Each structure stands twice: as structure tokens, then as C-alpha cells.
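Data from model32.cif: mmCIF, C-alpha atoms
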```
data_upload
loop_
_atom_site.label_atom_id
_atom_site.label_comp_id
_atom_site.auth_asym_id
_atom_site.auth_seq_id
_atom_site.Cartn_x
_atom_site.Cartn_y
_atom_site.Cartn_z
CA MET L 892 22.93 27.10 21.00
CA THR L 893 19.72 27.22 23.03
CA ARG L 894 18.08 29.58 20.55
CA LEU L 895 18.85 27.22 17.66
CA ARG L 896 17.38 24.33 19.60
CA GLU L 897 14.23 26.33 20.36
CA ARG L 898 13.83 27.22 16.70
CA PHE L 899 14.30 23.58 15.74
CA ILE L 900 11.66 22.42 18.24
CA ALA L 901 9.27 25.15 17.09
CA ARG L 902 9.78 24.11 13.47
CA MET L 903 9.17 20.44 14.23
CA TRP L 904 6.05 21.34 16.21
CA SER L 905 4.65 23.47 13.38
CA MET L 906 5.29 20.72 10.84
CA GLY L 907 3.36 18.23 12.92
CA VAL L 908 0.42 20.57 13.39
CA GLU L 909 0.18 21.47 9.71
CA GLU L 910 -0.08 17.85 8.60
CA ALA L 911 -2.62 16.72 11.19
CA GLY L 912 -5.22 14.53 9.50
CA MET L 913 -3.26 13.90 6.35
CA SER L 914 -2.31 10.41 7.37
CA THR L 915 -5.99 9.53 7.84
CA ALA L 916 -6.79 10.71 4.32
CA GLU L 917 -3.81 8.83 2.91
CA TYR L 918 -4.89 5.64 4.68
CA ALA L 919 -8.43 6.06 3.36
CA ILE L 920 -7.24 6.51 -0.22
CA GLY L 921 -4.85 3.58 0.14
CA THR L 922 -7.62 1.36 1.51
CA ILE L 923 -9.97 2.28 -1.32
CA ALA L 924 -7.23 1.64 -3.89
CA ALA L 925 -6.39 -1.74 -2.34
CA ALA L 926 -10.06 -2.76 -2.30
CA ALA L 927 -10.48 -1.73 -5.94
CA PHE L 928 -7.33 -3.62 -6.93
CA GLY L 929 -8.58 -6.69 -5.04
CA ALA L 930 -11.94 -6.54 -6.80
CA ILE L 931 -10.29 -6.26 -10.22
CA LEU L 932 -7.86 -9.07 -9.42
CA TYR L 933 -10.71 -11.30 -8.21
CA THR L 934 -12.67 -10.61 -11.40
CA VAL L 935 -9.67 -11.49 -13.57
CA ILE L 936 -8.73 -14.62 -11.62
CA SER L 937 -12.28 -15.94 -11.45
CA GLY L 938 -12.79 -15.45 -15.18
CA ASP L 939 -13.20 -18.52 -17.41
CA ASN L 940 -9.94 -18.03 -19.31
CA VAL L 941 -7.76 -17.93 -16.20
CA VAL L 942 -9.54 -20.84 -14.52
CA SER L 943 -9.24 -23.03 -17.62
CA ALA L 944 -5.56 -22.06 -18.08
CA LEU L 945 -4.74 -22.90 -14.46
CA THR L 946 -6.66 -26.16 -14.72
CA GLY L 947 -4.72 -27.05 -17.85
CA ILE L 948 -1.37 -26.28 -16.20
CA ILE L 949 -2.23 -28.37 -13.14
CA THR L 950 -3.54 -31.26 -15.26
CA LYS L 951 -0.40 -31.24 -17.41
CA ALA L 952 1.81 -31.17 -14.32
CA LEU L 953 -0.03 -34.11 -12.75
CA ASP L 954 0.05 -36.17 -15.98
CA THR L 955 3.81 -35.72 -16.44
CA ALA L 956 5.76 -38.92 -15.89
CA VAL L 957 8.87 -38.68 -13.74
CA GLY L 958 11.94 -40.65 -14.66
#
```
Please lay out the structure from this file as C-alpha cells.
Amino acid sequence: MTRLRERFIARMWSMGVEEAGMSTAEYAIGTIAAAAFGAILYTVISGDNVVSALTGIITKALDTAVG
């Protein structure tokens, strides 16, 4: 039983050592992807078509009579 536990601990230790630094690279790629998505989304939302469509929707909603 002790030998199995030692092998398990050794295996877990080797897995952690082999992947050192990968999380930093994954975070960097994720941050770059999020920034690029944000830039694209900002460009689309600030475009004339989207602004005029949202303005039209809001104007129509405010001009609607209730009752």
C-alpha cells in the first residue's frame, strides 16, 4: 500500500513539474484573445449602423403609448 502511495505522489509531482509555465502562456493567450474580441466588439457597436438601430429602437420604445 505504501509503495502505491509513493508512486502516486511521484506521478503527481512529475505532472506538476512538466506543466510549469503553461498556465502563464494560457493566460497570456486568453488575455490577448479577450482584448482582440473587445476591440472588434467596440468597433461593431460604435459603427453608424448599430448606433442608428439602437437609437431607433429606443425612440420607438419611448414613443409607444401605454394603455
>> For a test of reading the model, state the distance in Å between CA of Asn940 in chain L and CA of Ala952 in chain L, rounded to one decimal.
In response: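 Spanning CA of Asn940 in chain L to CA of Ala952 in chain L is a straight-line distance of 18.3 Å.
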> At what distance in Å, to one decimal, does CA of Ser914 in chain L lie from CA of Phe928 in chain L?
Replying inline: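 Those two atoms sit 20.7 Å apart.
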>> Just the number, please: distance in Å from CA of Thr915 in chain L to CA of Met903 in chain L, one decimal.
In response: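 Interatomic distance, CA of Thr915 in chain L to CA of Met903 in chain L: 19.7 Å.
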